[in-house]
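Asker: Take a look at the following structure, please.
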Amino acid sequence: MKTSIATVSISGNLPEKLAAIAAAGFDGIEIFEQDFIAHDGNPRDVGDLIRAMGLQITLFQPFRDFEGLPAPLRAKAFDRAERKFDLMQELGTDLVLVCSSCHPAALGGIDRAADDFAALGERAAKRGLRVGYEALAWGRHVNDHRDAWEIVRRADHANVGLILDSFHTLARKIDPDTIRRIPGDKIFFVQLADAPQIDMDLLYWSRHFRNMPGEGDLAVTDFMRAVVATGYAGPVSLEIFNDQFRGGSPKTIAQDGHRALIALMDDVKRQEPVARLDLPVMPSRASVAGVAFVEFATKGDDATTLETLLATMGFARAGQHIAKKLTLWTQGDIRIVVNRETTGYASNAYTMHGTTVCDIGLDVDDAAAALARATALGAQPFAQPIGPGEIDIPAIRGLSGSVLHFLDQTSGLNDVWSVEFKGAVTPPQNAGLLRIDHLAQTMSYDAMLSWSLFYTTLFDMQKSPMVDVVDPDGLVRSQALETADGAFRITLNGAETHRTMAGHFLADSFGASVQHIAFASDDIFATADAMAQRGFQPLAMSDNYYADLTARFDLAPEFLAQLKRGNILYDEDAQGVFLQFYSQPYAGGMFFEIVQRRNTYTGYGAANAPFRIAAQKRLMRPKGMPKS
Ligand SMILES: O=C(O)c1ccc(O)c(O)c1
Ligand SMILES: [Mg+2]
């Protein structure tokens, strides 16, 4: 399978776009006319440059407002086509994308359009070129691939074929299975784009909000399954018009695109039995059974602050690493590693970010397979020198320089705790924390799609709808990713300004990372009491918050008093009840959360987040000070 991407999908000037596309591993590009015109260089040189980078020009696009015009506009459209054929020959590509006409004078009529395409096919054939016809979702007369196919069918010319674009089909809610009735050899090209489900004008939605397959809500897998079922064997090309991507890093967007495309086609290959796709072989998504450990890079007084906080939460010092300055703290199934090394990766992470989560260990079904899939999808393997008696645990770089380790039950990797850590130092302190409920990672809003793509292509996780969280100083977008059984949950929080709590953390810690860890308890009141006895200071919630709870929910007065006493927040959904409280912020805005899910509450207390943030900001911003 040849992978391709339209130059319009990537930011930068033409050479910058090409370099990023080639480096990400694509086989070809659709050259967008505007990107060529904006470039100062002749078409032969551009074609040579593209080929020198190992890329093929899969097509030239778009050619607009061609079919169904009355004279004299019709003749002019053919002249225009001849000029673009000249250009294509100089560039070195044989296929042009003609998108359905939006011209106010276009007459419509399937046979008129078919005649125009038959004539254009004749002219193209003389030069060994081919013409592909794409229905734009907002085309004047043709806005449905089924009508475009009827035109191509009636044009009945070997050099005229159909171009499919998932956006146009799926945005109009056209059943992608209608593609299964089109002969594969008459499909000349396939473009792929996803998009978030937003109700808006189709043209505006298409030109500004498309995203990589898997990043949005459209049924792109069903679309591609239908395409491969026809026997289509040509390039699969990303065509992503997106405002954020236009301003983003060419390298990251191109890498994300390649990852998204390969992961999607791998899904298609697994789901569509007849698919004969030549793709890198990789294991399926890793299933994650939970967080094996979270490692903090820290030093000196910062390390003491963190460990004191852990002790007040009931964690016990459970061992010291045989060779490195690592302390293991445990409670229930939770493992926290405090890393005080003065050289190596964690030490650098501390220098760069201050106290920070530098490493996350995941319990997967097969650690070697998880590593293999991640690397097949472009993730970088991570390795540090292994000392005597240490276990080599598979790892990759996550985003923003972080590290993810993969542990499993079958290859002895989980022995690392007994093999590498010795001597319980403090007696058990248990306050009833059982496991990690979720990890909350903070990043810039622009980086959220990259992160969700990373997690959902590597691991068997679903994303839930994005929610808006109101901070007194701006909006933060929050999106949860979780396994079907809830054993592994991550929330991504995207900051748009540095003035929000999340944005401040992002600026202060120089990069995206874990801002809070939520621990689960089965009895949050007992846990709160046990932690209070150890000197834990919860984040204080306002009286106004509890007055509102009384109004919103039907809570017994004693229960409400109990919540208020413990500074515990309350939420409920159709499935159950959620109880949560927070630590005070430490180390530039990190914090811990304690939660209890009663029955099967599925959310994260989003309704409470604005009040939690306001309370944190009261602590971080001295009283009476205006905001800076
Ligand atoms: O937005 C457009 O005009 C446009 C142009 C070419 C395409 O292939 C497309 O899908 C959309
Ligand atoms: Mg298109």
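How things are named: the first chain in the structure tokens is A, the next is B, and so on; residues count from 1 in each chain; ligands count from 1 in the order shown.
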What do you get as an mmCIF file with C-alpha atoms, in the first residue's frame if you pick all residues at most 9 Å from ligand 1, counting only C-alpha atoms and all ligand atoms?
Answerer:
```cif
data_model
loop_
_atom_site.group_PDB
_atom_site.id
_atom_site.type_symbol
_atom_site.label_atom_id
_atom_site.label_comp_id
_atom_site.auth_asym_id
_atom_site.auth_seq_id
_atom_site.Cartn_x
_atom_site.Cartn_y
_atom_site.Cartn_z
ATOM 1 C CA ALA A 6 -1.628 16.325 0.417
ATOM 2 C CA PHE A 32 -1.721 21.251 -3.877
ATOM 3 C CA GLN A 61 -5.037 19.129 -7.313
ATOM 4 C CA PRO A 62 -7.501 20.734 -7.333
ATOM 5 C CA PHE A 63 -8.867 21.551 -10.749
ATOM 6 C CA ARG A 64 -12.107 23.432 -10.052
ATOM 7 C CA LEU A 97 -8.131 15.741 -9.217
ATOM 8 C CA VAL A 98 -11.148 17.545 -10.624
ATOM 9 C CA CYS A 99 -13.533 18.491 -7.838
ATOM 10 C CA GLU A 134 -14.318 13.982 -6.748
ATOM 11 C CA ALA A 135 -17.725 15.023 -5.382
ATOM 12 C CA LEU A 136 -17.301 17.933 -2.978
ATOM 13 C CA ALA A 137 -19.919 17.759 -0.215
ATOM 14 C CA ILE A 163 -11.791 9.965 -6.567
ATOM 15 C CA LEU A 164 -13.210 9.218 -3.124
ATOM 16 C CA ASP A 165 -12.680 11.409 -0.084
ATOM 17 C CA SER A 166 -13.901 10.085 3.267
ATOM 18 C CA PHE A 167 -14.798 13.551 4.476
ATOM 19 C CA HIS A 168 -17.251 14.312 1.680
ATOM 20 C CA GLN A 191 -8.310 10.581 0.195
ATOM 21 C CA ALA A 193 -9.681 12.633 6.566
ATOM 22 C CA LEU A 203 -17.517 23.797 3.520
ATOM 23 C CA TYR A 204 -16.420 25.548 6.708
ATOM 24 C CA SER A 206 -14.105 20.713 5.820
ATOM 25 C CA ARG A 207 -11.687 23.595 5.366
ATOM 26 C CA GLU A 239 -5.972 15.379 2.868
ATOM 27 C CA ILE A 240 -6.305 17.388 6.052
ATOM 28 C CA PHE A 241 -7.416 20.992 6.059
#
```
Asker: Mind checking which residues fall within 7 Å of A:Val291, counting only C-alpha atoms, ignoring those fewer than 4 positions away in the same chain, and posting them as a list in words?
Answerer: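 Neighbouring residues, sequence-local ones excluded: Gly361, Leu362, Asp363, Ile436 and Phe488 of chain A.
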Asker: Can you write just those residues out, N, CA and C atoms, as a PDB file, in the first residue's frame?
Answerer:
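Result went into result.pdb, see below:
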```pdb
ATOM      1  N   GLY A 361       4.963   3.373  34.215  1.00  0.00           N
ATOM      2  CA  GLY A 361       4.999   1.946  33.868  1.00  0.00           C
ATOM      3  C   GLY A 361       3.581   1.447  33.667  1.00  0.00           C
ATOM      4  N   LEU A 362       3.374   0.726  32.579  1.00  0.00           N
ATOM      5  CA  LEU A 362       2.037   0.181  32.319  1.00  0.00           C
ATOM      6  C   LEU A 362       2.073  -1.340  32.391  1.00  0.00           C
ATOM      7  N   ASP A 363       1.055  -1.927  33.017  1.00  0.00           N
ATOM      8  CA  ASP A 363       0.881  -3.379  33.023  1.00  0.00           C
ATOM      9  C   ASP A 363       0.163  -3.767  31.745  1.00  0.00           C
ATOM     10  N   ILE A 436      -4.311   3.281  41.219  1.00  0.00           N
ATOM     11  CA  ILE A 436      -4.388   4.556  40.509  1.00  0.00           C
ATOM     12  C   ILE A 436      -5.694   4.575  39.715  1.00  0.00           C
ATOM     13  N   PHE A 488      -7.446   1.303  33.104  1.00  0.00           N
ATOM     14  CA  PHE A 488      -6.439   2.316  32.784  1.00  0.00           C
ATOM     15  C   PHE A 488      -7.159   3.536  32.231  1.00  0.00           C
TER      16      PHE A 488
END
```
Asker: Could you name the residues that touch A:Leu264 at 8 Å or less, counting only C-alpha atoms, but leaving out those on the same chain fewer than 2 positions away, as a list in words?
Answerer: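 The residues that qualify are Pro213, Gly214, Thr221, Ala260, Leu261, Ile262, Asp266, Asp267 and Val268 of chain A.
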Asker: Nearest to ligand 2: which of A:Asp194, A:Asp175, A:Val338, A:Asn42 is it, counting only C-alpha atoms and all ligand atoms?
Answerer: A:Asp194
Asker: Please provide the set of residues having any atom within 8 Å of stretch 387-396 of chain A, restricted to only C-alpha atoms, with same-chain residues fewer than 2 positions apart removed, written as a JSON list (two decimals) with N, CA and C atoms, in the first residue's frame.
Answerer:
```
[["chain", "number", "residue", "atom", "x", "y", "z"],
["A", 323, "ALA", "N", 21.13, -0.30, 43.33],
["A", 323, "ALA", "CA", 22.29, 0.45, 42.84],
["A", 323, "ALA", "C", 22.01, 1.95, 42.66],
["A", 367, "ALA", "N", 4.58, -7.33, 27.02],
["A", 367, "ALA", "CA", 5.42, -6.12, 26.96],
["A", 367, "ALA", "C", 6.20, -6.04, 25.65],
["A", 368, "ALA", "N", 6.72, -7.18, 25.18],
["A", 368, "ALA", "CA", 7.50, -7.17, 23.93],
["A", 368, "ALA", "C", 6.60, -6.78, 22.76],
["A", 371, "LEU", "N", 5.88, -3.06, 22.75],
["A", 371, "LEU", "CA", 7.03, -2.33, 22.21],
["A", 371, "LEU", "C", 7.06, -2.45, 20.68],
["A", 374, "ALA", "N", 4.39, -0.22, 19.16],
["A", 374, "ALA", "CA", 4.74, 1.19, 19.31],
["A", 374, "ALA", "C", 5.81, 1.60, 18.30],
["A", 379, "ALA", "N", 7.00, 5.18, 17.27],
["A", 379, "ALA", "CA", 7.49, 5.61, 18.60],
["A", 379, "ALA", "C", 8.97, 5.25, 18.72],
["A", 380, "GLN", "N", 9.69, 6.05, 19.50],
["A", 380, "GLN", "CA", 11.12, 5.79, 19.68],
["A", 380, "GLN", "C", 11.34, 4.87, 20.87],
["A", 381, "PRO", "N", 12.07, 3.75, 20.66],
["A", 381, "PRO", "CA", 12.41, 2.92, 21.82],
["A", 381, "PRO", "C", 13.30, 3.73, 22.77],
["A", 382, "PHE", "N", 13.23, 3.43, 24.04],
["A", 382, "PHE", "CA", 14.05, 4.13, 25.03],
["A", 382, "PHE", "C", 14.85, 3.09, 25.79],
["A", 383, "ALA", "N", 16.15, 3.37, 25.99],
["A", 383, "ALA", "CA", 16.96, 2.44, 26.77],
["A", 383, "ALA", "C", 17.96, 3.22, 27.60],
["A", 385, "PRO", "N", 21.50, 2.44, 30.26],
["A", 385, "PRO", "CA", 22.43, 1.35, 30.58],
["A", 385, "PRO", "C", 21.85, 0.48, 31.71],
["A", 398, "GLY", "N", 7.47, 8.60, 25.35],
["A", 398, "GLY", "CA", 6.12, 9.11, 25.15],
["A", 398, "GLY", "C", 6.26, 10.47, 24.48],
["A", 403, "VAL", "N", 8.81, 9.06, 29.35],
["A", 403, "VAL", "CA", 9.13, 7.65, 29.07],
["A", 403, "VAL", "C", 7.98, 6.78, 29.56],
["A", 404, "LEU", "N", 7.70, 5.73, 28.79],
["A", 404, "LEU", "CA", 6.70, 4.72, 29.17],
["A", 404, "LEU", "C", 7.39, 3.37, 29.20],
["A", 405, "HIS", "N", 7.29, 2.67, 30.31],
["A", 405, "HIS", "CA", 7.80, 1.29, 30.41],
["A", 405, "HIS", "C", 6.64, 0.31, 30.31],
["A", 406, "PHE", "N", 6.93, -0.85, 29.74],
["A", 406, "PHE", "CA", 5.90, -1.89, 29.62],
["A", 406, "PHE", "C", 6.26, -3.08, 30.49],
["A", 407, "LEU", "N", 5.39, -3.42, 31.42],
["A", 407, "LEU", "CA", 5.61, -4.60, 32.26],
["A", 407, "LEU", "C", 4.51, -5.61, 31.96],
["A", 413, "LEU", "N", 9.13, -9.68, 34.01],
["A", 413, "LEU", "CA", 9.45, -8.26, 34.17],
["A", 413, "LEU", "C", 8.93, -7.72, 35.50],
["A", 416, "VAL", "N", 10.84, -7.15, 38.90],
["A", 416, "VAL", "CA", 11.74, -6.02, 39.12],
["A", 416, "VAL", "C", 11.65, -5.50, 40.56],
["A", 419, "VAL", "N", 13.50, -8.00, 42.80],
["A", 419, "VAL", "CA", 14.90, -8.20, 42.39],
["A", 419, "VAL", "C", 15.72, -6.92, 42.60],
["A", 420, "GLU", "N", 15.13, -5.78, 42.24],
["A", 420, "GLU", "CA", 15.94, -4.55, 42.24],
["A", 420, "GLU", "C", 15.75, -3.69, 43.50]]
```
Asker: Might you pull out every residue within 7 Å of A:Ser509, with only C-alpha atoms counted and same-chain residues fewer than 4 positions away left off, and present them as a VMD selection string?
Answerer: chain A and resid 353 to 354 505
Asker: What's around A:Gly234 at 9 Å? Count only C-alpha atoms, leave out sequence neighbours fewer than 5 positions away in its own chain, and write the answer as an MDAnalysis selection string.
Answerer: chainID A and resid 1:2 187:190
Asker: Just write the chosen residues, N, CA and C atoms, as a CSV table (one decimal), in the first residue's frame.
Answerer:
```csv
chain,number,residue,atom,x,y,z
A,1,MET,N,0.8,-1.2,0.0
A,1,MET,CA,0.0,0.0,0.0
A,1,MET,C,0.9,1.3,0.0
A,2,LYS,N,0.6,2.1,-0.9
A,2,LYS,CA,1.4,3.4,-1.0
A,2,LYS,C,0.7,4.4,-0.1
A,187,ILE,N,-11.8,3.4,-9.4
A,187,ILE,CA,-11.4,4.3,-8.4
A,187,ILE,C,-10.0,4.7,-8.6
A,188,PHE,N,-9.7,5.9,-9.0
A,188,PHE,CA,-8.3,6.3,-9.3
A,188,PHE,C,-7.5,6.7,-8.1
A,189,PHE,N,-8.2,7.2,-7.0
A,189,PHE,CA,-7.5,7.7,-5.9
A,189,PHE,C,-8.4,7.8,-4.7
A,190,VAL,N,-7.8,7.7,-3.5
A,190,VAL,CA,-8.6,7.7,-2.3
A,190,VAL,C,-8.0,8.7,-1.3
```
Asker: Quick one: DSSP helix (DSSP H, G or I) residues in stretch 346-411 of chain A, as a list in words?
Answerer: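 Put together, the selection reads Ala346, Ser347, Asn348, Ala349, Tyr350, Thr351, Met352, His353, Ala367, Ala368, Ala369, Ala370, Leu371, Ala372, Arg373, Ala374, Thr375, Ala376, Leu399, Ser400 and Gly401 of chain A.
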Asker: Could you pull the residues within 6 Å of A:Tyr582, counting only C-alpha atoms, minus those fewer than 2 positions along the same chain, as a PyMOL selection string?
Answerer: chain A and resi 538-539+592-593
Asker: From a backbone DSSP assignment, name each residue in stretch 157-199 of chain A labelled strand (DSSP E or B), as a list in words.
Answerer: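 Selection result, strand (DSSP E or B) within stretch 157-199 of chain A: Val160, Gly161, Leu162, Ile163, Leu164, Asp165, Ile187, Phe188, Phe189, Val190, Gln191, Leu192 and Asp194 of chain A.
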Asker: Save out the residues we just selected, N, CA and C atoms, as a PDB file, in the first residue's frame.
Answerer:
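And here is the file that came out, part-v2.pdb:
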```pdb
ATOM      1  N   VAL A 160     -10.588   8.257 -17.374  1.00  0.00           N
ATOM      2  CA  VAL A 160     -11.428   8.989 -16.419  1.00  0.00           C
ATOM      3  C   VAL A 160     -11.884   8.028 -15.321  1.00  0.00           C
ATOM      4  N   GLY A 161     -11.649   8.438 -14.074  1.00  0.00           N
ATOM      5  CA  GLY A 161     -12.045   7.587 -12.947  1.00  0.00           C
ATOM      6  C   GLY A 161     -12.588   8.420 -11.797  1.00  0.00           C
ATOM      7  N   LEU A 162     -12.900   7.731 -10.713  1.00  0.00           N
ATOM      8  CA  LEU A 162     -13.515   8.370  -9.548  1.00  0.00           C
ATOM      9  C   LEU A 162     -12.454   8.618  -8.480  1.00  0.00           C
ATOM     10  N   ILE A 163     -12.606   9.738  -7.761  1.00  0.00           N
ATOM     11  CA  ILE A 163     -11.791   9.965  -6.567  1.00  0.00           C
ATOM     12  C   ILE A 163     -12.727  10.024  -5.369  1.00  0.00           C
ATOM     13  N   LEU A 164     -12.400   9.242  -4.346  1.00  0.00           N
ATOM     14  CA  LEU A 164     -13.210   9.218  -3.124  1.00  0.00           C
ATOM     15  C   LEU A 164     -12.480   9.959  -2.021  1.00  0.00           C
ATOM     16  N   ASP A 165     -13.246  10.677  -1.218  1.00  0.00           N
ATOM     17  CA  ASP A 165     -12.680  11.409  -0.084  1.00  0.00           C
ATOM     18  C   ASP A 165     -13.608  11.130   1.097  1.00  0.00           C
ATOM     19  N   ILE A 187     -11.798   3.364  -9.431  1.00  0.00           N
ATOM     20  CA  ILE A 187     -11.444   4.314  -8.376  1.00  0.00           C
ATOM     21  C   ILE A 187      -9.973   4.662  -8.602  1.00  0.00           C
ATOM     22  N   PHE A 188      -9.715   5.905  -8.971  1.00  0.00           N
ATOM     23  CA  PHE A 188      -8.345   6.300  -9.316  1.00  0.00           C
ATOM     24  C   PHE A 188      -7.541   6.741  -8.096  1.00  0.00           C
ATOM     25  N   PHE A 189      -8.240   7.163  -7.035  1.00  0.00           N
ATOM     26  CA  PHE A 189      -7.487   7.718  -5.907  1.00  0.00           C
ATOM     27  C   PHE A 189      -8.410   7.790  -4.695  1.00  0.00           C
ATOM     28  N   VAL A 190      -7.816   7.670  -3.505  1.00  0.00           N
ATOM     29  CA  VAL A 190      -8.614   7.732  -2.274  1.00  0.00           C
ATOM     30  C   VAL A 190      -7.970   8.680  -1.278  1.00  0.00           C
ATOM     31  N   GLN A 191      -8.771   9.623  -0.823  1.00  0.00           N
ATOM     32  CA  GLN A 191      -8.310  10.581   0.195  1.00  0.00           C
ATOM     33  C   GLN A 191      -9.002  10.279   1.514  1.00  0.00           C
ATOM     34  N   LEU A 192      -8.235  10.444   2.573  1.00  0.00           N
ATOM     35  CA  LEU A 192      -8.757  10.138   3.901  1.00  0.00           C
ATOM     36  C   LEU A 192      -8.653  11.352   4.797  1.00  0.00           C
ATOM     37  N   ASP A 194     -10.502  12.564   8.795  1.00  0.00           N
ATOM     38  CA  ASP A 194     -11.485  12.436   9.856  1.00  0.00           C
ATOM     39  C   ASP A 194     -11.923  13.851  10.224  1.00  0.00           C
TER      40      ASP A 194
END
```
Asker: As an exercise, work out the distance from atom CA of A:Ala286 to atom CA of A:Trp329 in Å and give it to one decimal place.
Answerer: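 A separation of 26.8 Å between them.
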